[in-house]
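Text of upload07.pdb (PDB, C-alpha atoms and all ligand atoms) as supplied:
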```
ATOM      1  CA  MET A   1      14.700 -25.989  -4.325
ATOM      2  CA  SER A   2      15.155 -28.059  -1.191
ATOM      3  CA  LYS A   3      18.738 -26.792  -0.947
ATOM      4  CA  ILE A   4      17.635 -23.203  -0.411
ATOM      5  CA  SER A   5      18.382 -22.281   3.153
ATOM      6  CA  LEU A   6      17.593 -18.735   4.093
ATOM      7  CA  ASP A   7      17.177 -16.794   7.294
ATOM      8  CA  ILE A   8      16.570 -13.228   8.391
ATOM      9  CA  ASN A   9      20.305 -12.507   8.102
ATOM     10  CA  SER A  10      20.652 -13.869   4.567
ATOM     11  CA  THR A  11      22.356 -11.525   2.147
ATOM     12  CA  ILE A  12      23.061 -11.438  -1.555
ATOM     13  CA  ARG A  13      26.435 -10.271  -2.880
ATOM     14  CA  LEU A  14      26.330  -7.267  -5.206
ATOM     15  CA  ASN A  15      28.652  -7.149  -8.224
ATOM     16  CA  ILE A  16      31.020  -4.840  -6.306
ATOM     17  CA  GLY A  17      31.287  -7.247  -3.366
ATOM     18  CA  VAL A  18      28.914  -5.482  -0.952
ATOM     19  CA  GLU A  19      26.451  -7.756   0.868
ATOM     20  CA  MET A  20      22.778  -6.715   0.698
ATOM     21  CA  PRO A  21      20.075  -8.222   2.943
ATOM     22  CA  MET A  22      17.575 -10.398   1.040
ATOM     23  CA  LEU A  23      14.593  -9.269   3.104
ATOM     24  CA  GLY A  24      14.049  -5.590   3.799
ATOM     25  CA  PHE A  25      11.339  -3.136   4.621
ATOM     26  CA  GLY A  26       9.592  -0.680   2.270
ATOM     27  CA  THR A  27       8.432   2.699   3.508
ATOM     28  CA  TRP A  28       6.379   4.266   0.714
ATOM     29  CA  ASN A  29       3.407   6.124   2.189
ATOM     30  CA  LEU A  30       4.668   5.681   5.756
ATOM     31  CA  ARG A  31       4.982   9.253   6.943
ATOM     32  CA  MET A  32       5.487  11.077  10.232
ATOM     33  CA  LYS A  33       4.814   9.035  13.364
ATOM     34  CA  ASP A  34       3.571   6.013  11.387
ATOM     35  CA  GLY A  35       6.820   5.867   9.449
ATOM     36  CA  TYR A  36       8.958   6.239  12.539
ATOM     37  CA  LYS A  37       7.077   3.521  14.455
ATOM     38  CA  ALA A  38       6.978   1.051  11.568
ATOM     39  CA  VAL A  39      10.706   1.359  10.833
ATOM     40  CA  LEU A  40      11.500   0.911  14.514
ATOM     41  CA  TRP A  41       9.324  -2.232  14.671
ATOM     42  CA  ALA A  42      10.961  -3.643  11.557
ATOM     43  CA  LEU A  43      14.440  -3.063  13.002
ATOM     44  CA  GLU A  44      13.475  -4.485  16.399
ATOM     45  CA  LYS A  45      12.240  -7.637  14.679
ATOM     46  CA  GLY A  46      15.536  -8.158  12.867
ATOM     47  CA  ILE A  47      15.142  -6.374   9.525
ATOM     48  CA  ARG A  48      18.390  -4.705   8.431
ATOM     49  CA  LEU A  49      17.424  -3.167   5.061
ATOM     50  CA  ILE A  50      15.291  -0.030   4.957
ATOM     51  CA  ASP A  51      14.085   1.321   1.614
ATOM     52  CA  THR A  52      13.164   4.982   1.372
ATOM     53  CA  ALA A  53      13.249   7.749  -1.270
ATOM     54  CA  THR A  54      13.261  11.522  -1.404
ATOM     55  CA  VAL A  55       9.749  11.460  -2.791
ATOM     56  CA  TYR A  56       8.396   9.409   0.159
ATOM     57  CA  GLU A  57       8.977  12.463   2.368
ATOM     58  CA  ASN A  58       9.976  10.287   5.316
ATOM     59  CA  GLU A  59      13.786  10.267   5.268
ATOM     60  CA  LYS A  60      13.831  12.260   8.507
ATOM     61  CA  GLU A  61      11.617   9.745  10.325
ATOM     62  CA  VAL A  62      13.543   6.802   8.867
ATOM     63  CA  GLY A  63      16.782   8.380  10.106
ATOM     64  CA  SER A  64      15.339   8.995  13.591
ATOM     65  CA  ALA A  65      14.073   5.422  13.889
ATOM     66  CA  ILE A  66      17.457   4.057  12.809
ATOM     67  CA  LYS A  67      19.222   6.216  15.390
ATOM     68  CA  ASP A  68      16.754   5.413  18.174
ATOM     69  CA  SER A  69      16.925   1.677  17.453
ATOM     70  CA  GLY A  70      20.402   1.692  19.000
ATOM     71  CA  ILE A  71      21.599  -0.651  16.248
ATOM     72  CA  PRO A  72      25.029   0.361  14.953
ATOM     73  CA  ARG A  73      24.682   2.344  11.713
ATOM     74  CA  GLU A  74      26.984  -0.006   9.808
ATOM     75  CA  GLU A  75      24.679  -2.956  10.528
ATOM     76  CA  ILE A  76      21.782  -1.326   8.669
ATOM     77  CA  PHE A  77      21.533  -1.197   4.886
ATOM     78  CA  ILE A  78      19.906   2.101   3.892
ATOM     79  CA  THR A  79      18.598   2.675   0.386
ATOM     80  CA  THR A  80      17.350   6.008  -0.889
ATOM     81  CA  LYS A  81      16.644   7.333  -4.369
ATOM     82  CA  VAL A  82      16.941  10.456  -6.474
ATOM     83  CA  PHE A  83      13.588  11.356  -7.995
ATOM     84  CA  SER A  84      12.862  12.244 -11.582
ATOM     85  CA  THR A  85      12.198  15.880 -10.729
ATOM     86  CA  GLU A  86      15.877  16.225  -9.795
ATOM     87  CA  PRO A  87      17.686  14.657 -12.762
ATOM     88  CA  GLY A  88      21.070  15.751 -14.055
ATOM     89  CA  TYR A  89      24.551  15.899 -12.580
ATOM     90  CA  GLU A  90      24.575  18.864 -10.178
ATOM     91  CA  SER A  91      20.948  18.508  -9.080
ATOM     92  CA  THR A  92      21.535  14.859  -8.191
ATOM     93  CA  LEU A  93      24.571  15.733  -6.063
ATOM     94  CA  THR A  94      22.447  18.369  -4.304
ATOM     95  CA  ALA A  95      19.540  15.944  -3.845
ATOM     96  CA  PHE A  96      21.913  13.391  -2.326
ATOM     97  CA  GLU A  97      23.253  15.893   0.216
ATOM     98  CA  LYS A  98      19.679  16.760   1.231
ATOM     99  CA  SER A  99      18.863  13.067   1.663
ATOM    100  CA  ILE A 100      21.807  12.241   3.909
ATOM    101  CA  HIS A 101      21.121  15.379   5.923
ATOM    102  CA  LYS A 102      17.506  14.290   6.514
ATOM    103  CA  LEU A 103      18.557  10.706   7.211
ATOM    104  CA  ASN A 104      21.188  12.056   9.603
ATOM    105  CA  VAL A 105      23.883   9.758   8.214
ATOM    106  CA  THR A 106      27.232  10.336   6.534
ATOM    107  CA  TYR A 107      26.699   7.744   3.794
ATOM    108  CA  VAL A 108      24.008   5.477   2.400
ATOM    109  CA  ASP A 109      24.385   1.858   1.341
ATOM    110  CA  LEU A 110      22.545   2.067  -1.957
ATOM    111  CA  TYR A 111      21.576   5.098  -4.014
ATOM    112  CA  LEU A 112      19.158   4.542  -6.888
ATOM    113  CA  ILE A 113      17.841   6.473  -9.864
ATOM    114  CA  HIS A 114      14.149   6.213  -8.981
ATOM    115  CA  TRP A 115      12.717   6.300 -12.535
ATOM    116  CA  PRO A 116      14.413   6.539 -15.943
ATOM    117  CA  LEU A 117      11.987   9.344 -16.715
ATOM    118  CA  THR A 118      14.088  11.802 -18.661
ATOM    119  CA  ASP A 119      16.998  11.599 -21.059
ATOM    120  CA  LEU A 120      19.029  13.294 -18.321
ATOM    121  CA  ARG A 121      19.284   9.849 -16.697
ATOM    122  CA  LEU A 122      22.749   9.432 -18.209
ATOM    123  CA  GLU A 123      23.933  12.624 -16.489
ATOM    124  CA  THR A 124      22.264  11.441 -13.293
ATOM    125  CA  TRP A 125      24.260   8.220 -13.467
ATOM    126  CA  LYS A 126      27.519  10.189 -13.733
ATOM    127  CA  ALA A 127      26.599  11.874 -10.443
ATOM    128  CA  LEU A 128      25.966   8.458  -8.878
ATOM    129  CA  GLU A 129      29.398   7.303 -10.060
ATOM    130  CA  LYS A 130      30.928  10.368  -8.403
ATOM    131  CA  LEU A 131      29.086   9.665  -5.130
ATOM    132  CA  TYR A 132      30.329   6.076  -5.236
ATOM    133  CA  GLU A 133      33.917   7.171  -5.937
ATOM    134  CA  ASP A 134      33.688   9.617  -3.031
ATOM    135  CA  LYS A 135      32.455   6.756  -0.802
ATOM    136  CA  LYS A 136      29.228   8.576   0.014
ATOM    137  CA  THR A 137      27.274   5.528  -1.074
ATOM    138  CA  ARG A 138      28.493   1.939  -0.859
ATOM    139  CA  ALA A 139      26.616   0.947  -4.019
ATOM    140  CA  ILE A 140      24.696   2.553  -6.867
ATOM    141  CA  GLY A 141      21.836   1.249  -8.928
ATOM    142  CA  VAL A 142      18.662   1.939 -10.827
ATOM    143  CA  SER A 143      14.947   1.453 -10.468
ATOM    144  CA  ASN A 144      12.204   0.897 -13.017
ATOM    145  CA  TYR A 145      14.747   0.141 -15.749
ATOM    146  CA  THR A 146      13.610  -2.160 -18.538
ATOM    147  CA  ILE A 147      16.024  -4.185 -20.686
ATOM    148  CA  ARG A 148      15.971  -1.289 -23.174
ATOM    149  CA  HIS A 149      17.013   1.229 -20.504
ATOM    150  CA  LEU A 150      19.759  -1.113 -19.312
ATOM    151  CA  ASN A 151      21.068  -1.637 -22.848
ATOM    152  CA  GLU A 152      21.148   2.130 -23.312
ATOM    153  CA  HIS A 153      23.110   2.327 -20.058
ATOM    154  CA  PHE A 154      25.656  -0.229 -21.285
ATOM    155  CA  GLU A 155      26.199   1.784 -24.481
ATOM    156  CA  HIS A 156      27.448   4.691 -22.374
ATOM    157  CA  PHE A 157      29.014   3.245 -19.233
ATOM    158  CA  THR A 158      31.281   0.481 -18.069
ATOM    159  CA  THR A 159      29.950   0.720 -14.512
ATOM    160  CA  VAL A 160      27.177  -1.830 -14.065
ATOM    161  CA  PRO A 161      24.261  -0.952 -11.756
ATOM    162  CA  THR A 162      24.389  -3.225  -8.720
ATOM    163  CA  VAL A 163      20.610  -3.381  -8.340
ATOM    164  CA  ASN A 164      17.505  -2.833 -10.452
ATOM    165  CA  GLN A 165      14.488  -2.214  -8.199
ATOM    166  CA  VAL A 166      11.320  -3.016 -10.152
ATOM    167  CA  GLU A 167       7.758  -4.072  -9.560
ATOM    168  CA  PHE A 168       7.815  -7.865  -9.291
ATOM    169  CA  SER A 169       5.450 -10.554  -8.055
ATOM    170  CA  PRO A 170       4.100 -13.849  -9.413
ATOM    171  CA  PHE A 171       1.383 -11.741 -11.058
ATOM    172  CA  LEU A 172       4.114  -9.745 -12.787
ATOM    173  CA  TYR A 173       6.708 -12.451 -13.312
ATOM    174  CA  GLN A 174       9.187 -10.563 -15.499
ATOM    175  CA  LYS A 175      11.294 -13.585 -16.358
ATOM    176  CA  ASP A 176      13.117 -11.962 -19.295
ATOM    177  CA  LEU A 177      14.149  -8.990 -17.181
ATOM    178  CA  LEU A 178      15.169 -11.257 -14.297
ATOM    179  CA  ASP A 179      17.304 -13.449 -16.596
ATOM    180  CA  PHE A 180      18.839 -10.385 -18.263
ATOM    181  CA  CYS A 181      19.732  -8.843 -14.898
ATOM    182  CA  LYS A 182      21.153 -12.110 -13.577
ATOM    183  CA  SER A 183      23.305 -12.472 -16.710
ATOM    184  CA  HIS A 184      24.742  -8.989 -16.053
ATOM    185  CA  GLU A 185      25.156  -9.603 -12.295
ATOM    186  CA  ILE A 186      22.492  -7.050 -11.441
ATOM    187  CA  VAL A 187      20.443  -7.985  -8.381
ATOM    188  CA  VAL A 188      16.699  -7.614  -8.869
ATOM    189  CA  GLU A 189      14.859  -6.063  -5.942
ATOM    190  CA  ALA A 190      11.070  -6.427  -5.935
ATOM    191  CA  TYR A 191       8.875  -3.504  -5.056
ATOM    192  CA  SER A 192       5.173  -3.961  -4.367
ATOM    193  CA  PRO A 193       5.957  -7.665  -3.755
ATOM    194  CA  LEU A 194       2.564  -8.014  -2.053
ATOM    195  CA  THR A 195       0.771  -6.339  -4.981
ATOM    196  CA  GLN A 196      -0.122  -3.655  -2.418
ATOM    197  CA  GLY A 197      -2.546  -6.218  -1.007
ATOM    198  CA  SER A 198      -4.679  -6.467  -4.129
ATOM    199  CA  LYS A 199      -4.078 -10.168  -4.896
ATOM    200  CA  LEU A 200      -3.990 -11.558  -1.368
ATOM    201  CA  ASP A 201      -7.321 -13.311  -1.921
ATOM    202  CA  ASN A 202      -6.065 -15.222  -4.965
ATOM    203  CA  GLU A 203      -7.190 -18.878  -4.833
ATOM    204  CA  THR A 204      -3.806 -20.381  -5.750
ATOM    205  CA  LEU A 205      -2.071 -18.323  -3.069
ATOM    206  CA  LEU A 206      -4.665 -19.370  -0.510
ATOM    207  CA  THR A 207      -4.398 -23.058  -1.443
ATOM    208  CA  ILE A 208      -0.592 -23.123  -1.405
ATOM    209  CA  GLY A 209      -0.594 -21.091   1.814
ATOM    210  CA  LYS A 210      -2.896 -23.580   3.506
ATOM    211  CA  LYS A 211      -0.590 -26.450   2.601
ATOM    212  CA  TYR A 212       2.384 -24.803   4.359
ATOM    213  CA  GLY A 213       0.352 -23.137   7.131
ATOM    214  CA  LYS A 214       1.322 -19.705   5.762
ATOM    215  CA  SER A 215      -0.554 -16.582   4.667
ATOM    216  CA  PRO A 216      -0.727 -15.393   1.039
ATOM    217  CA  ALA A 217       1.661 -12.530   1.928
ATOM    218  CA  GLN A 218       4.194 -15.021   3.282
ATOM    219  CA  ILE A 219       3.902 -17.178   0.147
ATOM    220  CA  LEU A 220       4.571 -14.143  -2.064
ATOM    221  CA  ILE A 221       7.653 -13.117  -0.089
ATOM    222  CA  ARG A 222       9.034 -16.643   0.032
ATOM    223  CA  TRP A 223       8.478 -17.090  -3.724
ATOM    224  CA  GLY A 224      10.548 -13.972  -4.397
ATOM    225  CA  LEU A 225      13.323 -14.986  -2.008
ATOM    226  CA  GLN A 226      13.597 -18.421  -3.633
ATOM    227  CA  HIS A 227      14.052 -16.655  -6.982
ATOM    228  CA  LYS A 228      16.941 -14.713  -5.323
ATOM    229  CA  ILE A 229      14.984 -11.475  -5.614
ATOM    230  CA  VAL A 230      15.379  -9.012  -2.725
ATOM    231  CA  GLN A 231      12.015  -8.336  -1.058
ATOM    232  CA  ILE A 232      10.910  -5.071   0.548
ATOM    233  CA  PRO A 233       7.309  -5.533   1.701
ATOM    234  CA  LYS A 234       5.807  -2.548   3.452
ATOM    235  CA  SER A 235       3.382  -2.480   6.349
ATOM    236  CA  ALA A 236       2.231   0.049   8.917
ATOM    237  CA  LYS A 237       1.071  -2.728  11.249
ATOM    238  CA  GLU A 238       3.253  -4.479  13.776
ATOM    239  CA  ASN A 239       1.518  -7.850  13.329
ATOM    240  CA  HIS A 240       1.916  -7.704   9.543
ATOM    241  CA  ILE A 241       5.584  -6.758   9.881
ATOM    242  CA  ALA A 242       6.094  -9.811  12.130
ATOM    243  CA  GLU A 243       4.169 -12.013   9.677
ATOM    244  CA  ASN A 244       6.217 -10.827   6.711
ATOM    245  CA  ILE A 245       9.435 -11.800   8.480
ATOM    246  CA  ASP A 246       8.173 -15.238   9.439
ATOM    247  CA  VAL A 247       9.064 -16.807   6.095
ATOM    248  CA  PHE A 248      12.134 -18.840   6.964
ATOM    249  CA  ASP A 249      10.681 -22.049   8.392
ATOM    250  CA  PHE A 250       9.374 -23.515   5.148
ATOM    251  CA  ILE A 251      10.489 -24.089   1.566
ATOM    252  CA  LEU A 252       8.190 -23.918  -1.443
ATOM    253  CA  ASN A 253       8.694 -27.060  -3.490
ATOM    254  CA  GLU A 254       9.437 -26.959  -7.214
ATOM    255  CA  LYS A 255       5.859 -27.735  -8.212
ATOM    256  CA  ASP A 256       4.484 -24.895  -6.108
ATOM    257  CA  MET A 257       7.157 -22.492  -7.370
ATOM    258  CA  LYS A 258       6.102 -23.369 -10.965
ATOM    259  CA  GLU A 259       2.446 -22.920 -10.119
ATOM    260  CA  LEU A 260       3.209 -19.480  -8.679
ATOM    261  CA  ASP A 261       5.337 -18.595 -11.733
ATOM    262  CA  ASN A 262       2.309 -19.428 -13.850
ATOM    263  CA  LEU A 263       0.195 -16.778 -12.116
ATOM    264  CA  ASN A 264       1.807 -14.160 -14.350
ATOM    265  CA  GLU A 265      -0.753 -11.855 -15.947
ATOM    266  CA  ASP A 266       1.460  -8.758 -16.398
ATOM    267  CA  PHE A 267      -0.445  -7.199 -13.528
ATOM    268  CA  ARG A 268       0.915  -3.829 -12.431
ATOM    269  CA  ILE A 269       0.150  -1.393  -9.660
ATOM    270  CA  ASN A 270       2.561   1.231 -10.934
ATOM    271  CA  GLN A 271       3.226   2.808 -14.307
ATOM    272  CA  ASN A 272       4.804   0.485 -16.863
ATOM    273  CA  PRO A 273       8.342   1.861 -17.329
ATOM    274  CA  ASP A 274       8.357   0.417 -20.844
ATOM    275  CA  GLN A 275       6.299   3.446 -21.842
ATOM    276  CA  ILE A 276       9.229   5.687 -20.924
ATOM    277  CA  LYS A 277      11.460   6.444 -23.917
TER     278      LYS A 277
HETATM  279  P1  LIG B 301       3.523  -3.911  -0.920
HETATM  280  O1  LIG B 301       3.350  -4.867  -2.042
HETATM  281  O2  LIG B 301       4.647  -4.080   0.009
HETATM  282  O3  LIG B 301       2.152  -3.911  -0.123
HETATM  283  C1  LIG B 301       1.882  -3.062   0.936
HETATM  284  C2  LIG B 301       0.418  -3.263   1.311
HETATM  285  O4  LIG B 301       0.218  -4.598   1.751
HETATM  286  C3  LIG B 301      -0.042  -2.340   2.422
HETATM  287  O5  LIG B 301      -1.339  -1.906   2.097
HETATM  288  C4  LIG B 301      -0.063  -3.243   3.645
HETATM  289  O6  LIG B 301      -1.088  -2.854   4.517
HETATM  290  C5  LIG B 301      -0.373  -4.601   3.048
HETATM  291  N1  LIG B 301       0.242  -5.675   3.821
HETATM  292  C6  LIG B 301       1.522  -5.767   4.223
HETATM  293  N2  LIG B 301       1.740  -6.930   4.859
HETATM  294  C7  LIG B 301       0.575  -7.587   4.876
HETATM  295  C8  LIG B 301       0.162  -8.837   5.410
HETATM  296  N3  LIG B 301       1.031  -9.638   6.022
HETATM  297  N4  LIG B 301      -1.135  -9.202   5.243
HETATM  298  C9  LIG B 301      -2.013  -8.392   4.610
HETATM  299  N5  LIG B 301      -1.684  -7.202   4.083
HETATM  300  C10 LIG B 301      -0.397  -6.794   4.210
HETATM  301  O7  LIG B 301       3.491  -2.461  -1.586
HETATM  302  P2  LIG B 301       4.461  -1.213  -1.763
HETATM  303  O8  LIG B 301       4.018  -0.576  -3.027
HETATM  304  O9  LIG B 301       4.507  -0.405  -0.540
HETATM  305  O10 LIG B 301       5.904  -1.826  -2.073
HETATM  306  C11 LIG B 301       6.891  -2.071  -1.097
HETATM  307  C12 LIG B 301       7.984  -1.019  -1.112
HETATM  308  O11 LIG B 301       8.627  -0.956  -2.383
HETATM  309  C13 LIG B 301       7.490   0.427  -0.917
HETATM  310  O12 LIG B 301       7.058   0.668   0.376
HETATM  311  C14 LIG B 301       8.693   1.180  -1.383
HETATM  312  O13 LIG B 301       9.700   1.179  -0.385
HETATM  313  C15 LIG B 301       9.096   0.371  -2.600
HETATM  314  N6  LIG B 301       8.498   0.902  -3.852
HETATM  315  C16 LIG B 301       9.356   1.376  -4.824
HETATM  316  C17 LIG B 301       8.872   1.881  -6.015
HETATM  317  C18 LIG B 301       9.818   2.375  -7.034
HETATM  318  O14 LIG B 301       9.384   3.029  -8.004
HETATM  319  N7  LIG B 301      11.109   2.111  -6.911
HETATM  320  C19 LIG B 301       7.427   1.957  -6.296
HETATM  321  C20 LIG B 301       6.609   1.385  -5.253
HETATM  322  C21 LIG B 301       7.154   0.880  -4.091
HETATM  323  P3  LIG B 301      -0.793  -2.593   6.105
HETATM  324  O15 LIG B 301       0.096  -1.386   6.161
HETATM  325  O16 LIG B 301      -2.159  -2.374   6.635
HETATM  326  O17 LIG B 301      -0.129  -3.827   6.628
END
```
Take the structure from the file and write it as structure tokens.
Ligand code: NDP
Amino acid sequence: MSKISLDINSTIRLNIGVEMPMLGFGTWNLRMKDGYKAVLWALEKGIRLIDTATVYENEKEVGSAIKDSGIPREEIFITTKVFSTEPGYESTLTAFEKSIHKLNVTYVDLYLIHWPLTDLRLETWKALEKLYEDKKTRAIGVSNYTIRHLNEHFEHFTTVPTVNQVEFSPFLYQKDLLDFCKSHEIVVEAYSPLTQGSKLDNETLLTIGKKYGKSPAQILIRWGLQHKIVQIPKSAKENHIAENIDVFDFILNEKDMKELDNLNEDFRINQNPDQIK
């Protein structure tokens, strides 16, 4: 573990050669002015990956903050997602056009199928392939896919998703899924990496945090980064955004990484995608 050297500019290479920042910013539930301000703070502090989705209803604010930041568009990695109410080939192409219009950009960096909710997901993927071929998105991927959904995907397609964005934390240490994705060169991106705040008073996190002079949130983010999992913590508060970025001046040792791995209790905030046929 001591060889892991990471900083705010660290990226991970996707299976198509595109570089994706390891630490990004989530925007679920950040709407209107709050969304705009938070994204601007994150960008000002050095974050270069912004995660949004049609269903978050904030693509317009995300786009405005990106523009107003003055940072060149090509330096920012924008992810958005097609929601399960818009599955299928044509409806996905339409949803994509609406998203880039709201974001006020000509392309996105990563376009994801938000949930594998209906059997139209295969048709949805064909639309993503088309968007990738047309260079409207630099990469395509999935979210909330289990090993079963990925195996189904491989039965139908030769294109491999670049990313699988799933709920992931030490309390939901999905080792089998992580190993499976790594073996197929799919980058795992953790959503709700801070368990939406619900486990920040955990004793092990507090004890390990004390040892390194770091908060539980910082320990969670660092744990994910050391597992080579992209992190997209969300916060509406400037001080929390700064705290969540301040994770590059320490390294969790092997013993502490193991102890954190052992916190797994299959704890979920969101729906278990395994229930989706
Ligand atoms: P997170 O695990 O990122 O937790 C966010 C919560 O933690 C907020 O309540 C925030 O409160 C609090 N928080 C943030 N930083 C700190 C800190 N340093 N100390 C204490 N509390 C803190 O939850 P999310 O569910 O938002 O996940 C992150 C992102 O993942 C989403 O925003 C979204 O972009 C994506 N996502 C994707 C899903 C999918 O289906 N693909 C599903 C869910 C999320 P405060 O604002 O007060 O700081």
Write out as a list of chain:residue names the residues lying within 9 Å of A:Asp274, counting all atoms listed in the file and excluding same-chain residues fewer than 5 positions away.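 Surrounding residues, per the criterion: A:Asn144, A:Tyr145, A:Thr146, A:Ile147, A:Arg148, A:His149.
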Would you compute, for all listed atoms of ligand LIG 301 (chain B), the axis-aligned bounding box grown by 6 Å on each side, and then report its centre and edge lengths in Å rounded to one decimal, as lines of an AutoDock Vina configuration file?
```
center_x = 4.5
center_y = -3.3
center_z = -0.7
size_x = 25.3
size_y = 24.7
size_z = 26.6
```
Please write as a PyMOL selection string the full residue list that the PyMOL selection byres (((not hetatm)) within 8 of (chain B and resi 301)) yields on this file. chain A and resi 25-30+50-53+114-115+143-144+165-167+190-198+200+215-218+232-244+269-270
Those residues you just picked out, can you put them in a file as a PDB file, in the frame of the given file with C-alpha atoms?
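For reference, part-v7.pdb as written:
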```pdb
ATOM      1  CA  PHE A  25      11.339  -3.136   4.621  1.00  0.00           C
ATOM      2  CA  GLY A  26       9.592  -0.680   2.270  1.00  0.00           C
ATOM      3  CA  THR A  27       8.432   2.699   3.508  1.00  0.00           C
ATOM      4  CA  TRP A  28       6.379   4.266   0.714  1.00  0.00           C
ATOM      5  CA  ASN A  29       3.407   6.124   2.189  1.00  0.00           C
ATOM      6  CA  LEU A  30       4.668   5.681   5.756  1.00  0.00           C
ATOM      7  CA  ILE A  50      15.291  -0.030   4.957  1.00  0.00           C
ATOM      8  CA  ASP A  51      14.085   1.321   1.614  1.00  0.00           C
ATOM      9  CA  THR A  52      13.164   4.982   1.372  1.00  0.00           C
ATOM     10  CA  ALA A  53      13.249   7.749  -1.270  1.00  0.00           C
ATOM     11  CA  HIS A 114      14.149   6.213  -8.981  1.00  0.00           C
ATOM     12  CA  TRP A 115      12.717   6.300 -12.535  1.00  0.00           C
ATOM     13  CA  SER A 143      14.947   1.453 -10.468  1.00  0.00           C
ATOM     14  CA  ASN A 144      12.204   0.897 -13.017  1.00  0.00           C
ATOM     15  CA  GLN A 165      14.488  -2.214  -8.199  1.00  0.00           C
ATOM     16  CA  VAL A 166      11.320  -3.016 -10.152  1.00  0.00           C
ATOM     17  CA  GLU A 167       7.758  -4.072  -9.560  1.00  0.00           C
ATOM     18  CA  ALA A 190      11.070  -6.427  -5.935  1.00  0.00           C
ATOM     19  CA  TYR A 191       8.875  -3.504  -5.056  1.00  0.00           C
ATOM     20  CA  SER A 192       5.173  -3.961  -4.367  1.00  0.00           C
ATOM     21  CA  PRO A 193       5.957  -7.665  -3.755  1.00  0.00           C
ATOM     22  CA  LEU A 194       2.564  -8.014  -2.053  1.00  0.00           C
ATOM     23  CA  THR A 195       0.771  -6.339  -4.981  1.00  0.00           C
ATOM     24  CA  GLN A 196      -0.122  -3.655  -2.418  1.00  0.00           C
ATOM     25  CA  GLY A 197      -2.546  -6.218  -1.007  1.00  0.00           C
ATOM     26  CA  SER A 198      -4.679  -6.467  -4.129  1.00  0.00           C
ATOM     27  CA  LEU A 200      -3.990 -11.558  -1.368  1.00  0.00           C
ATOM     28  CA  SER A 215      -0.554 -16.582   4.667  1.00  0.00           C
ATOM     29  CA  PRO A 216      -0.727 -15.393   1.039  1.00  0.00           C
ATOM     30  CA  ALA A 217       1.661 -12.530   1.928  1.00  0.00           C
ATOM     31  CA  GLN A 218       4.194 -15.021   3.282  1.00  0.00           C
ATOM     32  CA  ILE A 232      10.910  -5.071   0.548  1.00  0.00           C
ATOM     33  CA  PRO A 233       7.309  -5.533   1.701  1.00  0.00           C
ATOM     34  CA  LYS A 234       5.807  -2.548   3.452  1.00  0.00           C
ATOM     35  CA  SER A 235       3.382  -2.480   6.349  1.00  0.00           C
ATOM     36  CA  ALA A 236       2.231   0.049   8.917  1.00  0.00           C
ATOM     37  CA  LYS A 237       1.071  -2.728  11.249  1.00  0.00           C
ATOM     38  CA  GLU A 238       3.253  -4.479  13.776  1.00  0.00           C
ATOM     39  CA  ASN A 239       1.518  -7.850  13.329  1.00  0.00           C
ATOM     40  CA  HIS A 240       1.916  -7.704   9.543  1.00  0.00           C
ATOM     41  CA  ILE A 241       5.584  -6.758   9.881  1.00  0.00           C
ATOM     42  CA  ALA A 242       6.094  -9.811  12.130  1.00  0.00           C
ATOM     43  CA  GLU A 243       4.169 -12.013   9.677  1.00  0.00           C
ATOM     44  CA  ASN A 244       6.217 -10.827   6.711  1.00  0.00           C
ATOM     45  CA  ILE A 269       0.150  -1.393  -9.660  1.00  0.00           C
ATOM     46  CA  ASN A 270       2.561   1.231 -10.934  1.00  0.00           C
TER      47      ASN A 270
END
```
Can you work out which one of A:Val105, A:Leu178, A:Ile100, A:Ala42 has the shortest atom-to-atom distance to A:Pro72, counting only C-alpha atoms? A:Val105
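The environment of A:Lys182 within 12 Å, counting all atoms listed in the file and disregarding residues fewer than 3 places along the same chain, consists of A:Leu14, A:Asn15, A:Ile147, A:Val160, A:Pro161, A:Thr162, A:Val163, A:Asn164, A:Lys175, A:Asp176, A:Leu177, A:Leu178, A:Asp179, A:Glu185, A:Ile186, A:Val187, A:Val188, A:Glu189, A:His227, A:Lys228, A:Ile229.
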Close residues, A:Phe171 itself excluded, 10 Å, only C-alpha atoms, min 5 positions apart in chain, as a ChimeraX atom specification: /A:193-195,199,220,260-268
Spell out the residues picked by the PyMOL selection byres (((chain A and resi 65) around 12) and not hetatm) here, as a ChimeraX atom specification. /A:32-44,50,58-64,66-71,73,76,103-104
Take the PyMOL selection byres (((chain A and resi 137) around 12) and not hetatm), run it mentally on this structure, and tell me the resulting residues as a compact mmCIF listing (two decimals) with C-alpha atoms, in the frame of the given file.
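File part_4.txt, as written:
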```txt
# COMPACT_ATOMS: atom_id res chain seq x y z
CA VAL A 18 28.91 -5.48 -0.95
CA PHE A 77 21.53 -1.20 4.89
CA ILE A 78 19.91 2.10 3.89
CA THR A 79 18.60 2.68 0.39
CA THR A 80 17.35 6.01 -0.89
CA LYS A 81 16.64 7.33 -4.37
CA LEU A 93 24.57 15.73 -6.06
CA PHE A 96 21.91 13.39 -2.33
CA GLU A 97 23.25 15.89 0.22
CA SER A 99 18.86 13.07 1.66
CA ILE A 100 21.81 12.24 3.91
CA VAL A 105 23.88 9.76 8.21
CA THR A 106 27.23 10.34 6.53
CA TYR A 107 26.70 7.74 3.79
CA VAL A 108 24.01 5.48 2.40
CA ASP A 109 24.38 1.86 1.34
CA LEU A 110 22.54 2.07 -1.96
CA TYR A 111 21.58 5.10 -4.01
CA LEU A 112 19.16 4.54 -6.89
CA ALA A 127 26.60 11.87 -10.44
CA LEU A 128 25.97 8.46 -8.88
CA GLU A 129 29.40 7.30 -10.06
CA LYS A 130 30.93 10.37 -8.40
CA LEU A 131 29.09 9.66 -5.13
CA TYR A 132 30.33 6.08 -5.24
CA GLU A 133 33.92 7.17 -5.94
CA ASP A 134 33.69 9.62 -3.03
CA LYS A 135 32.46 6.76 -0.80
CA LYS A 136 29.23 8.58 0.01
CA ARG A 138 28.49 1.94 -0.86
CA ALA A 139 26.62 0.95 -4.02
CA ILE A 140 24.70 2.55 -6.87
CA GLY A 141 21.84 1.25 -8.93
CA THR A 162 24.39 -3.22 -8.72
```
